[in-house]
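File shown here: run-v2.cif, holding mmCIF, N, CA and C atoms.
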data_start
#
loop_
_atom_site.label_atom_id
_atom_site.label_comp_id
_atom_site.auth_asym_id
_atom_site.auth_seq_id
_atom_site.Cartn_x
_atom_site.Cartn_y
_atom_site.Cartn_z
N MET A 20 235.83 81.69 40.44
CA MET A 20 235.71 83.07 39.99
C MET A 20 237.09 83.60 39.60
N PRO A 21 237.18 84.24 38.44
CA PRO A 21 238.48 84.73 38.00
C PRO A 21 238.94 85.95 38.82
N ARG A 22 240.23 86.08 38.84
CA ARG A 22 240.84 87.17 39.60
C ARG A 22 240.72 88.48 38.80
N VAL A 23 240.36 89.57 39.50
CA VAL A 23 240.21 90.86 38.83
C VAL A 23 241.24 91.83 39.43
N LYS A 24 242.07 92.36 38.56
CA LYS A 24 243.04 93.36 39.02
C LYS A 24 242.47 94.73 38.66
N ARG A 25 242.43 95.62 39.63
CA ARG A 25 241.73 96.89 39.41
C ARG A 25 242.66 98.09 39.29
N GLY A 26 243.91 97.86 39.08
CA GLY A 26 244.85 98.97 39.06
C GLY A 26 244.69 99.89 37.86
N MET A 27 244.28 99.36 36.74
CA MET A 27 244.23 100.14 35.50
C MET A 27 243.26 101.32 35.60
N THR A 28 242.09 101.09 36.16
CA THR A 28 241.07 102.13 36.23
C THR A 28 241.54 103.31 37.07
N SER A 29 242.03 103.01 38.28
CA SER A 29 242.48 104.11 39.14
C SER A 29 243.71 104.78 38.55
N HIS A 30 244.58 104.00 37.96
CA HIS A 30 245.79 104.59 37.36
C HIS A 30 245.40 105.57 36.26
N ARG A 31 244.45 105.19 35.43
CA ARG A 31 243.99 106.06 34.34
C ARG A 31 243.36 107.34 34.91
N ARG A 32 242.55 107.19 35.96
CA ARG A 32 241.90 108.34 36.59
C ARG A 32 242.94 109.28 37.22
N HIS A 33 243.92 108.68 37.87
CA HIS A 33 244.99 109.48 38.49
C HIS A 33 245.80 110.23 37.44
N LYS A 34 246.10 109.55 36.34
CA LYS A 34 246.86 110.19 35.26
C LYS A 34 246.10 111.40 34.71
N LYS A 35 244.78 111.27 34.61
CA LYS A 35 243.94 112.35 34.11
C LYS A 35 244.02 113.57 35.03
N ILE A 36 243.95 113.30 36.34
CA ILE A 36 244.04 114.39 37.33
C ILE A 36 245.41 115.05 37.27
N LEU A 37 246.45 114.25 37.20
CA LEU A 37 247.81 114.80 37.17
C LEU A 37 248.05 115.59 35.88
N ALA A 38 247.41 115.18 34.80
CA ALA A 38 247.55 115.94 33.55
C ALA A 38 246.88 117.30 33.67
N LEU A 39 245.74 117.36 34.37
CA LEU A 39 245.03 118.63 34.54
C LEU A 39 245.78 119.58 35.46
N THR A 40 246.58 119.04 36.39
CA THR A 40 247.27 119.89 37.35
C THR A 40 248.72 120.14 36.95
N LYS A 41 249.06 119.82 35.72
CA LYS A 41 250.42 120.07 35.25
C LYS A 41 250.67 121.58 35.29
N GLY A 42 251.77 121.96 35.89
CA GLY A 42 252.08 123.38 36.00
C GLY A 42 251.74 123.96 37.37
N HIS A 43 251.00 123.20 38.19
CA HIS A 43 250.73 123.67 39.55
C HIS A 43 251.98 123.50 40.39
N ARG A 44 252.10 124.27 41.46
CA ARG A 44 253.32 124.25 42.26
C ARG A 44 253.31 123.19 43.35
N ALA A 45 254.51 122.83 43.77
CA ALA A 45 254.75 121.95 44.92
C ALA A 45 254.07 120.59 44.74
N SER A 46 253.44 120.08 45.80
CA SER A 46 252.87 118.73 45.73
C SER A 46 251.54 118.72 44.99
N LYS A 47 251.04 119.89 44.62
CA LYS A 47 249.73 119.98 43.97
C LYS A 47 249.73 119.41 42.56
N HIS A 48 250.88 119.08 42.03
CA HIS A 48 250.91 118.50 40.69
C HIS A 48 251.46 117.08 40.69
N SER A 49 251.77 116.58 41.89
CA SER A 49 252.37 115.24 41.91
C SER A 49 251.67 114.26 42.85
N LEU A 50 251.06 114.74 43.92
CA LEU A 50 250.35 113.85 44.84
C LEU A 50 248.86 113.87 44.50
N ILE A 51 248.27 112.69 44.40
CA ILE A 51 246.91 112.57 43.89
C ILE A 51 245.91 113.36 44.72
N ARG A 52 245.96 113.24 46.05
CA ARG A 52 244.96 113.91 46.88
C ARG A 52 245.10 115.42 46.77
N ARG A 53 246.33 115.90 46.86
CA ARG A 53 246.57 117.35 46.74
C ARG A 53 246.22 117.83 45.33
N ALA A 54 246.53 117.00 44.35
CA ALA A 54 246.27 117.37 42.96
C ALA A 54 244.77 117.47 42.69
N SER A 55 243.99 116.55 43.26
CA SER A 55 242.55 116.59 43.02
C SER A 55 241.93 117.80 43.68
N GLU A 56 242.43 118.20 44.87
CA GLU A 56 241.96 119.43 45.52
C GLU A 56 242.30 120.64 44.65
N SER A 57 243.52 120.67 44.17
CA SER A 57 243.98 121.78 43.34
C SER A 57 243.20 121.84 42.03
N MET A 58 242.91 120.68 41.47
CA MET A 58 242.16 120.62 40.22
C MET A 58 240.74 121.14 40.42
N ALA A 59 240.11 120.74 41.52
CA ALA A 59 238.74 121.18 41.78
C ALA A 59 238.69 122.70 41.92
N LYS A 60 239.66 123.24 42.64
CA LYS A 60 239.72 124.68 42.85
C LYS A 60 239.97 125.40 41.53
N SER A 61 240.89 124.89 40.73
CA SER A 61 241.22 125.56 39.48
C SER A 61 240.06 125.52 38.49
N LEU A 62 239.33 124.39 38.46
CA LEU A 62 238.17 124.30 37.58
C LEU A 62 237.07 125.25 38.03
N TYR A 63 236.93 125.41 39.35
CA TYR A 63 235.94 126.35 39.88
C TYR A 63 236.31 127.78 39.50
N TYR A 64 237.59 128.13 39.65
CA TYR A 64 238.04 129.47 39.28
C TYR A 64 237.81 129.73 37.79
N ALA A 65 238.08 128.73 36.98
CA ALA A 65 237.89 128.88 35.55
C ALA A 65 236.42 129.14 35.23
N TYR A 66 235.53 128.42 35.90
CA TYR A 66 234.10 128.58 35.68
C TYR A 66 233.65 129.99 36.07
N VAL A 67 234.05 130.43 37.26
CA VAL A 67 233.63 131.75 37.75
C VAL A 67 234.20 132.86 36.89
N HIS A 68 235.46 132.76 36.53
CA HIS A 68 236.10 133.85 35.81
C HIS A 68 235.67 133.92 34.35
N ARG A 69 235.15 132.82 33.80
CA ARG A 69 234.56 132.91 32.46
C ARG A 69 233.37 133.86 32.49
N ARG A 70 232.61 133.82 33.56
CA ARG A 70 231.47 134.72 33.68
C ARG A 70 231.91 136.13 34.02
N GLU A 71 232.94 136.25 34.85
CA GLU A 71 233.46 137.57 35.22
C GLU A 71 234.02 138.31 34.01
N ARG A 72 234.62 137.56 33.09
CA ARG A 72 235.24 138.16 31.93
C ARG A 72 234.23 138.94 31.11
N LYS A 73 232.98 138.47 31.10
CA LYS A 73 231.94 139.16 30.34
C LYS A 73 231.71 140.56 30.88
N GLY A 74 231.70 140.70 32.20
CA GLY A 74 231.55 142.02 32.81
C GLY A 74 232.77 142.89 32.57
N ASP A 75 233.96 142.27 32.61
CA ASP A 75 235.20 143.01 32.35
C ASP A 75 235.20 143.59 30.95
N MET A 76 234.76 142.78 30.00
CA MET A 76 234.74 143.25 28.61
C MET A 76 233.74 144.39 28.44
N ARG A 77 232.59 144.27 29.08
CA ARG A 77 231.59 145.33 29.00
C ARG A 77 232.14 146.63 29.57
N ARG A 78 232.86 146.56 30.71
CA ARG A 78 233.47 147.75 31.30
C ARG A 78 234.49 148.37 30.35
N LEU A 79 235.26 147.53 29.69
CA LEU A 79 236.26 148.02 28.73
C LEU A 79 235.59 148.73 27.56
N TRP A 80 234.50 148.13 27.05
CA TRP A 80 233.79 148.76 25.93
C TRP A 80 233.24 150.12 26.34
N ILE A 81 232.68 150.19 27.54
CA ILE A 81 232.11 151.45 28.01
C ILE A 81 233.19 152.50 28.15
N LEU A 82 234.36 152.11 28.66
CA LEU A 82 235.49 153.05 28.77
C LEU A 82 235.88 153.60 27.41
N ARG A 83 235.98 152.73 26.44
CA ARG A 83 236.39 153.16 25.09
C ARG A 83 235.36 154.07 24.45
N ILE A 84 234.09 153.72 24.60
CA ILE A 84 233.03 154.55 24.03
C ILE A 84 233.02 155.91 24.71
N ASN A 85 233.20 155.92 26.02
CA ASN A 85 233.20 157.17 26.79
C ASN A 85 234.33 158.07 26.33
N ALA A 86 235.52 157.50 26.17
CA ALA A 86 236.68 158.31 25.74
C ALA A 86 236.43 158.90 24.36
N ALA A 87 235.91 158.09 23.45
CA ALA A 87 235.68 158.55 22.08
C ALA A 87 234.56 159.59 22.01
N SER A 88 233.51 159.38 22.80
CA SER A 88 232.39 160.33 22.75
C SER A 88 232.74 161.64 23.44
N ARG A 89 233.57 161.59 24.47
CA ARG A 89 234.02 162.83 25.12
C ARG A 89 234.90 163.65 24.17
N ALA A 90 235.63 162.97 23.32
CA ALA A 90 236.42 163.69 22.31
C ALA A 90 235.51 164.44 21.34
N GLN A 91 234.26 163.95 21.19
CA GLN A 91 233.28 164.59 20.32
C GLN A 91 232.40 165.58 21.09
N GLY A 92 232.64 165.71 22.41
CA GLY A 92 231.90 166.69 23.21
C GLY A 92 230.66 166.15 23.89
N LEU A 93 230.53 164.85 24.01
CA LEU A 93 229.39 164.24 24.69
C LEU A 93 229.87 163.29 25.77
N LYS A 94 229.13 163.23 26.87
CA LYS A 94 229.43 162.23 27.88
C LYS A 94 228.85 160.90 27.41
N TYR A 95 229.30 159.81 28.03
CA TYR A 95 228.86 158.47 27.64
C TYR A 95 227.35 158.33 27.76
N GLY A 96 226.81 158.75 28.91
CA GLY A 96 225.37 158.61 29.15
C GLY A 96 224.55 159.40 28.15
N GLN A 97 224.98 160.61 27.86
CA GLN A 97 224.27 161.44 26.87
C GLN A 97 224.31 160.78 25.51
N PHE A 98 225.48 160.30 25.14
CA PHE A 98 225.65 159.66 23.83
C PHE A 98 224.74 158.45 23.68
N MET A 99 224.72 157.59 24.69
CA MET A 99 223.88 156.39 24.62
C MET A 99 222.40 156.77 24.59
N ASN A 100 222.04 157.81 25.33
CA ASN A 100 220.66 158.28 25.34
C ASN A 100 220.27 158.82 23.97
N TYR A 101 221.15 159.59 23.35
CA TYR A 101 220.89 160.13 22.01
C TYR A 101 220.73 159.00 20.99
N LEU A 102 221.58 157.99 21.11
CA LEU A 102 221.48 156.84 20.19
C LEU A 102 220.12 156.15 20.34
N ARG A 103 219.72 155.95 21.60
CA ARG A 103 218.46 155.27 21.86
C ARG A 103 217.28 156.09 21.33
N GLU A 104 217.30 157.41 21.59
CA GLU A 104 216.21 158.27 21.15
C GLU A 104 216.14 158.39 19.63
N SER A 105 217.30 158.35 18.98
CA SER A 105 217.30 158.48 17.52
C SER A 105 217.03 157.16 16.81
N GLY A 106 216.89 156.09 17.58
CA GLY A 106 216.53 154.80 16.99
C GLY A 106 217.71 154.03 16.41
N ILE A 107 218.92 154.44 16.73
CA ILE A 107 220.11 153.73 16.25
C ILE A 107 220.40 152.61 17.24
N ASP A 108 220.39 151.38 16.75
CA ASP A 108 220.53 150.22 17.62
C ASP A 108 221.85 149.51 17.35
N ILE A 109 222.91 149.93 18.06
CA ILE A 109 224.22 149.28 17.92
C ILE A 109 224.67 148.90 19.33
N ASN A 110 225.17 147.68 19.47
CA ASN A 110 225.58 147.26 20.81
C ASN A 110 226.94 147.87 21.19
N ARG A 111 227.28 147.76 22.46
CA ARG A 111 228.49 148.41 22.98
C ARG A 111 229.76 147.84 22.39
N LYS A 112 229.74 146.55 22.10
CA LYS A 112 230.93 145.91 21.52
C LYS A 112 231.24 146.52 20.17
N MET A 113 230.22 146.68 19.33
CA MET A 113 230.42 147.26 18.00
C MET A 113 230.81 148.73 18.09
N LEU A 114 230.18 149.44 19.03
CA LEU A 114 230.52 150.86 19.20
C LEU A 114 231.97 151.03 19.62
N ALA A 115 232.43 150.21 20.56
CA ALA A 115 233.81 150.31 21.04
C ALA A 115 234.78 149.97 19.92
N ASP A 116 234.46 148.96 19.15
CA ASP A 116 235.30 148.57 18.02
C ASP A 116 235.37 149.70 17.00
N MET A 117 234.24 150.32 16.75
CA MET A 117 234.18 151.43 15.80
C MET A 117 234.99 152.62 16.33
N ALA A 118 234.90 152.87 17.63
CA ALA A 118 235.63 153.99 18.23
C ALA A 118 237.13 153.82 18.10
N VAL A 119 237.60 152.58 18.20
CA VAL A 119 239.04 152.32 18.14
C VAL A 119 239.54 152.24 16.69
N ARG A 120 238.82 151.49 15.84
CA ARG A 120 239.32 151.21 14.50
C ARG A 120 238.88 152.21 13.44
N GLU A 121 237.71 152.82 13.61
CA GLU A 121 237.18 153.76 12.60
C GLU A 121 236.68 155.02 13.29
N PRO A 122 237.59 155.88 13.76
CA PRO A 122 237.16 157.07 14.50
C PRO A 122 236.29 158.02 13.69
N GLU A 123 236.53 158.12 12.38
CA GLU A 123 235.71 159.03 11.56
C GLU A 123 234.28 158.53 11.45
N ALA A 124 234.09 157.24 11.35
CA ALA A 124 232.74 156.66 11.31
C ALA A 124 232.04 156.88 12.65
N PHE A 125 232.80 156.75 13.73
CA PHE A 125 232.23 156.97 15.06
C PHE A 125 231.80 158.42 15.22
N SER A 126 232.63 159.35 14.76
CA SER A 126 232.28 160.77 14.88
C SER A 126 231.04 161.10 14.04
N SER A 127 230.92 160.47 12.87
CA SER A 127 229.72 160.70 12.05
C SER A 127 228.49 160.13 12.75
N LEU A 128 228.65 159.04 13.47
CA LEU A 128 227.56 158.46 14.24
C LEU A 128 227.13 159.41 15.35
N VAL A 129 228.09 160.02 16.01
CA VAL A 129 227.81 160.98 17.07
C VAL A 129 227.03 162.16 16.52
N THR A 130 227.48 162.71 15.40
CA THR A 130 226.79 163.86 14.82
C THR A 130 225.38 163.48 14.34
N THR A 131 225.22 162.31 13.78
CA THR A 131 223.90 161.83 13.37
C THR A 131 222.96 161.75 14.56
N ALA A 132 223.45 161.16 15.67
CA ALA A 132 222.63 161.02 16.88
C ALA A 132 222.24 162.40 17.42
N LYS A 133 223.19 163.34 17.43
CA LYS A 133 222.92 164.69 17.91
C LYS A 133 221.84 165.37 17.05
N GLU A 134 221.98 165.25 15.75
CA GLU A 134 221.05 165.92 14.82
C GLU A 134 219.65 165.36 14.96
N LYS A 135 219.51 164.04 15.07
CA LYS A 135 218.19 163.43 15.14
C LYS A 135 217.48 163.82 16.43
N VAL A 136 218.23 163.98 17.52
CA VAL A 136 217.61 164.34 18.80
C VAL A 136 217.23 165.80 18.80
N GLN A 137 218.08 166.66 18.27
CA GLN A 137 217.82 168.10 18.30
C GLN A 137 216.78 168.51 17.26
N ALA A 138 216.54 167.69 16.26
CA ALA A 138 215.58 168.06 15.21
C ALA A 138 214.15 167.81 15.63
#

Now that the file is in, can you turn its structure into structure tokens?
Amino acid sequence: MPRVKRGMTSHRRHKKILALTKGHRASKHSLIRRASESMAKSLYYAYVHRRERKGDMRRLWILRINAASRAQGLKYGQFMNYLRESGIDINRKMLADMAVREPEAFSSLVTTAKEKVQA
């Protein structure tokens, strides 16, 4: 039976782990066992925070819409209710973008929503 040297496989796997933990502090980027623990934790954090970021962005959009609608004399909840009742279907991301980049278009949207509800 021929001799099998198995160093290549583990070496390649270790190199992959060390590449993922590049930039980690202390022994977490140089010792394989510590590096694999650090890598597992960092990948978990990345997974969780990708989902958290979605909520963060939604909170930011709501803040921006609220600030812009209060400048027009409406609270956020009232504004969103007026939009829903008047049949205007724009998501929060677009509304926030409009509030920041095109304030005159946003103000016209507010007045449209007010008119349709009061009529």

When you draw a straight line from atom C of A:Pro122 to atom C of A:Glu71, how long is it in Å?
28.4 Å

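Atom CA of A:Ser88 lies 10.3 Å from atom CA of A:Thr130.
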
Output as number ranges by chain all residues of stretch 29-58 of chain A that backbone DSSP marks as helix (DSSP H, G or I).
A: 29-39, 45-48, 51-58

Neighbour list for A:Arg111 as number ranges by chain, cut-off 10 Å, only C-alpha atoms, skip fewer than 6 positions in-chain:
A: 76-81, 83-84, 99, 117

Can you list, as a list in words, every protein, DNA or RNA residue that comes within 6 Å of A:Ser105 when you count only N, CA and C atoms, leaving out same-chain residues fewer than 5 positions away?
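So, after excluding close chain neighbours, the residues are Asn100, Ala132, Lys135 and Val136 of chain A.
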
From the options A:Val129, A:Met113, A:Val119, A:Ala65, which residue's atoms come nearest to A:Gly92, counting only C-alpha atoms?
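Comparing A:Val129, A:Met113, A:Val119, A:Ala65 against A:Gly92, the winner is A:Val129.
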
Distance in Å - atom CA of A:Ser55 versus atom CA of A:Arg25
20.0 Å

Please provide as a PDB file with N, CA and C atoms, in the frame of the given file all residues within 12 Å of A:Glu134, with the sequence filter that same-chain residues fewer than 6 positions apart are discarded (counting only C-alpha atoms).
ATOM      1  N   PHE A  98     225.480 160.300  25.140  1.00  0.00           N
ATOM      2  CA  PHE A  98     225.650 159.660  23.830  1.00  0.00           C
ATOM      3  C   PHE A  98     224.740 158.450  23.680  1.00  0.00           C
ATOM      4  N   TYR A 101     221.150 159.590  23.350  1.00  0.00           N
ATOM      5  CA  TYR A 101     220.890 160.130  22.010  1.00  0.00           C
ATOM      6  C   TYR A 101     220.730 159.000  20.990  1.00  0.00           C
ATOM      7  N   LEU A 102     221.580 157.990  21.110  1.00  0.00           N
ATOM      8  CA  LEU A 102     221.480 156.840  20.190  1.00  0.00           C
ATOM      9  C   LEU A 102     220.120 156.150  20.340  1.00  0.00           C
ATOM     10  N   GLU A 104     217.300 157.410  21.590  1.00  0.00           N
ATOM     11  CA  GLU A 104     216.210 158.270  21.150  1.00  0.00           C
ATOM     12  C   GLU A 104     216.140 158.390  19.630  1.00  0.00           C
ATOM     13  N   SER A 105     217.300 158.350  18.980  1.00  0.00           N
ATOM     14  CA  SER A 105     217.300 158.480  17.520  1.00  0.00           C
ATOM     15  C   SER A 105     217.030 157.160  16.810  1.00  0.00           C
ATOM     16  N   SER A 127     230.920 160.470  12.870  1.00  0.00           N
ATOM     17  CA  SER A 127     229.720 160.700  12.050  1.00  0.00           C
ATOM     18  C   SER A 127     228.490 160.130  12.750  1.00  0.00           C
ATOM     19  N   LEU A 128     228.650 159.040  13.470  1.00  0.00           N
ATOM     20  CA  LEU A 128     227.560 158.460  14.240  1.00  0.00           C
ATOM     21  C   LEU A 128     227.130 159.410  15.350  1.00  0.00           C
TER      22      LEU A 128
END

If you apply the PyMOL selection byres ((chain A and resi 31-41) around 8) to this file, what residues do you get, as an MDAnalysis selection string?
chainID A and resid 26:30 42:44 47:51 54:55 57:58

Calculated over only C-alpha atoms, which of the candidates A:Arg72, A:Lys133, A:Lys24, A:Arg52 has the smallest distance to A:Gln97?
A:Lys133

Smallest atom-to-atom distance to A:Ala86: which of A:Ala59, A:Ile109, A:Ala118, A:Met20, using all atoms listed in the file?
A:Ala118
